[in-house]
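What follows is a short report on a single structure.
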Amino acid sequence: MENTKTMYAIEIKNLTKKYKEFEALKNISFKIEKGDFFGFIGPNGAGKTTTINSIIGLVKYNGSIKAFGFDAVKNYRETREKIGLSPQEYNFDRFLTVEKCLSYTAGYFGIQKEDAEKRTYKLLKKFNLYSKRNNTPMELSGGMKRRLMIARALIHKPEILILDEPTAGIDVQLRRELWDLMKEINNEGTTIILTSHYIEEVEALCKTICVINKGRIIEIGKKSKIMKDLSNQTLQIKTDKRIPNNLIDHKDLAISNKNGIIRITGKEIKKDANNIIKKIENAGIKIKEIDLKNERLEEVFLRLTGEKKSLLF
């Protein structure tokens, strides 16, 4: 077994999973650094859930998965102690109270009663659930259920927290509150793996982004680098008359020129914006409005996967 102080929280090598003739994962490899906030995104059926289930030992696979140096198969118990999972679907015992939901889960990890009670109290307070401790999970609002799911995943103090669609089905305000909690947990040192269909959520929270599609990793890297390398910018200029098509260099640019509004889209347009504006002004054309927009992660994601927005949300 490797030293548990390895710099990687998760290390996946040549992960392959087949269901009869269907290959859900096609020899994927990637690493997640300790303390990272890792966004794992892809269309439905891309392989996200199969990867997560492989990490936590719910499916058999070919390849290698390690959590802080522990092999997920050979050292299953040690691996599971390192990982907390908040699944997408609610799976509470409807006969337990909110408080017992946490303390009983602590028992599954061999945590003694006194320590389990202390951890339960602390998490109920942290997630603003203490006043509902004697209610059943089914009596909670959607936002409270989501908070309870995350609290339960943290009861054994895992070093890795997997959040599978943690804000599904809740309103925007509650989603933002959960974002703050997730940031706080990550800032405390917990490595977070997030899957979400809300690309805005991934863009707001994650440091590293991994895009998977049809069982293959198609892009992975720091969010800042991915956005720099892959995102486009659009410069929109409104003028008092139409701009001649030959005035702007078309190389590597997408240009729309209609009704006195020209839209120029391409890489790092901002660098060329001043030259473009000067060319227009030197041609005797009066500029009325200028707007520069950066492409969002959602648009980059849709181009990478070739998916339509309606298929994702």
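Chain identifiers are assigned as A, B, and so on, following the order in which chains appear in the structure tokens; residues are numbered from 1 within each chain, and ligands are numbered from 1 in order of appearance.
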I'd like a table as CSV: residues in segment 184-239 of chain A with an atom no more than 7 Å from segment 147-164 of chain A, each row giving the shortest atom pair and its distance in Å to one decimal, only C-alpha atoms counted, sorted by chain and rising residue number.
```
residue,atom,partner,partner_atom,distance
A:Thr190,CA,A:Glu159,CA,5.2
A:Thr191,CA,A:Ile160,CA,4.7
A:Ile192,CA,A:Leu161,CA,4.8
A:Ile193,CA,A:Ile162,CA,4.7
A:Leu194,CA,A:Leu163,CA,4.9
A:Thr195,CA,A:Asp164,CA,5.0
A:Ser196,CA,A:Asp164,CA,6.8
```
For segment 261-266 of chain A: contacts at 7 Å, only C-alpha atoms, fewer than 4 positions along chain excluded, given as a PyMOL selection string = chain A and resi 232-239+252-257
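One distance worth recording is that between atom CA of Gly63 of chain A and atom CA of Asn14 of chain A, which is 4.9 Å.
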Near Ala116 of chain A, counting only C-alpha atoms, which residues have an atom at most 12 Å away, once you skip same-chain residues fewer than 3 positions from it, shown as a CSV table (one decimal) with N, CA and C atoms, in the first residue's frame?
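Okay, this is what ended up in around-v3.csv:
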```
chain,number,residue,atom,x,y,z
A,99,GLU,N,-32.2,13.5,14.3
A,99,GLU,CA,-31.0,13.3,15.2
A,99,GLU,C,-30.5,11.8,15.1
A,100,LYS,N,-31.4,10.8,15.1
A,100,LYS,CA,-31.0,9.4,15.0
A,100,LYS,C,-30.5,9.1,13.7
A,101,CYS,N,-30.9,9.8,12.6
A,101,CYS,CA,-30.4,9.6,11.3
A,101,CYS,C,-28.9,9.8,11.2
A,102,LEU,N,-28.4,10.8,12.0
A,102,LEU,CA,-27.0,11.0,12.0
A,102,LEU,C,-26.3,10.1,13.0
A,103,SER,N,-26.8,10.0,14.2
A,103,SER,CA,-26.1,9.2,15.2
A,103,SER,C,-26.0,7.7,14.8
A,104,TYR,N,-27.1,7.2,14.2
A,104,TYR,CA,-27.0,5.8,13.8
A,104,TYR,C,-26.0,5.6,12.7
A,105,THR,N,-25.9,6.5,11.7
A,105,THR,CA,-24.9,6.4,10.7
A,105,THR,C,-23.5,6.4,11.3
A,106,ALA,N,-23.3,7.2,12.3
A,106,ALA,CA,-22.0,7.2,13.0
A,106,ALA,C,-21.7,5.9,13.5
A,107,GLY,N,-22.7,5.1,14.0
A,107,GLY,CA,-22.4,3.8,14.5
A,107,GLY,C,-22.0,2.8,13.4
A,108,TYR,N,-22.4,3.0,12.2
A,108,TYR,CA,-22.0,2.2,11.1
A,108,TYR,C,-20.5,2.2,10.9
A,109,PHE,N,-19.9,3.4,11.2
A,109,PHE,CA,-18.5,3.6,11.1
A,109,PHE,C,-17.7,3.3,12.3
A,110,GLY,N,-18.4,2.7,13.3
A,110,GLY,CA,-17.7,2.3,14.5
A,110,GLY,C,-17.4,3.4,15.5
A,111,ILE,N,-18.1,4.5,15.4
A,111,ILE,CA,-17.9,5.7,16.2
A,111,ILE,C,-18.7,5.4,17.5
A,112,GLN,N,-18.0,5.6,18.7
A,112,GLN,CA,-18.6,5.3,20.0
A,112,GLN,C,-19.7,6.3,20.2
A,113,LYS,N,-20.7,5.9,21.1
A,113,LYS,CA,-21.9,6.6,21.3
A,113,LYS,C,-21.7,8.1,21.7
A,119,ARG,N,-20.7,14.7,17.7
A,119,ARG,CA,-20.7,15.0,16.2
A,119,ARG,C,-22.1,15.3,15.7
A,120,THR,N,-23.1,14.6,16.1
A,120,THR,CA,-24.4,14.8,15.7
A,120,THR,C,-24.9,16.2,16.1
A,121,TYR,N,-24.6,16.6,17.3
A,121,TYR,CA,-25.0,17.9,17.8
A,121,TYR,C,-24.3,19.0,17.0
A,122,LYS,N,-23.0,18.8,16.8
A,122,LYS,CA,-22.3,19.8,16.0
A,122,LYS,C,-22.8,20.0,14.6
A,123,LEU,N,-23.1,18.9,14.0
A,123,LEU,CA,-23.6,19.0,12.6
A,123,LEU,C,-25.0,19.5,12.5
A,152,ARG,N,-25.3,14.0,7.1
A,152,ARG,CA,-25.1,12.6,7.3
A,152,ARG,C,-23.8,12.1,6.7
A,154,LEU,N,-21.1,13.6,6.4
A,154,LEU,CA,-20.0,14.2,7.1
A,154,LEU,C,-19.8,13.6,8.5
A,155,ILE,N,-20.7,12.8,8.9
A,155,ILE,CA,-20.8,12.3,10.3
A,155,ILE,C,-19.5,11.6,10.8
A,156,HIS,N,-18.8,10.9,9.9
A,156,HIS,CA,-17.6,10.2,10.2
A,156,HIS,C,-16.3,11.0,9.9
A,157,LYS,N,-16.5,12.3,9.6
A,157,LYS,CA,-15.4,13.2,9.3
A,157,LYS,C,-14.5,12.7,8.1
```
- Message: DSSP on the backbone: which residues in segment 103-299 of chain A end up as alpha helix (DSSP H)? Give the answer as a PyMOL selection string.
- Response: chain A and resi 103-108+113-126+142-153+172-187+199-205+223-230+269-282+297-299
Can you pull out every residue from segment 126-292 of chain A that DSSP, working from the backbone, puts in strand (DSSP E), and format the result as a PyMOL selection string? chain A and resi 160-164+191-195+208-213+216-222+233-239+254-258+261-266+287-292
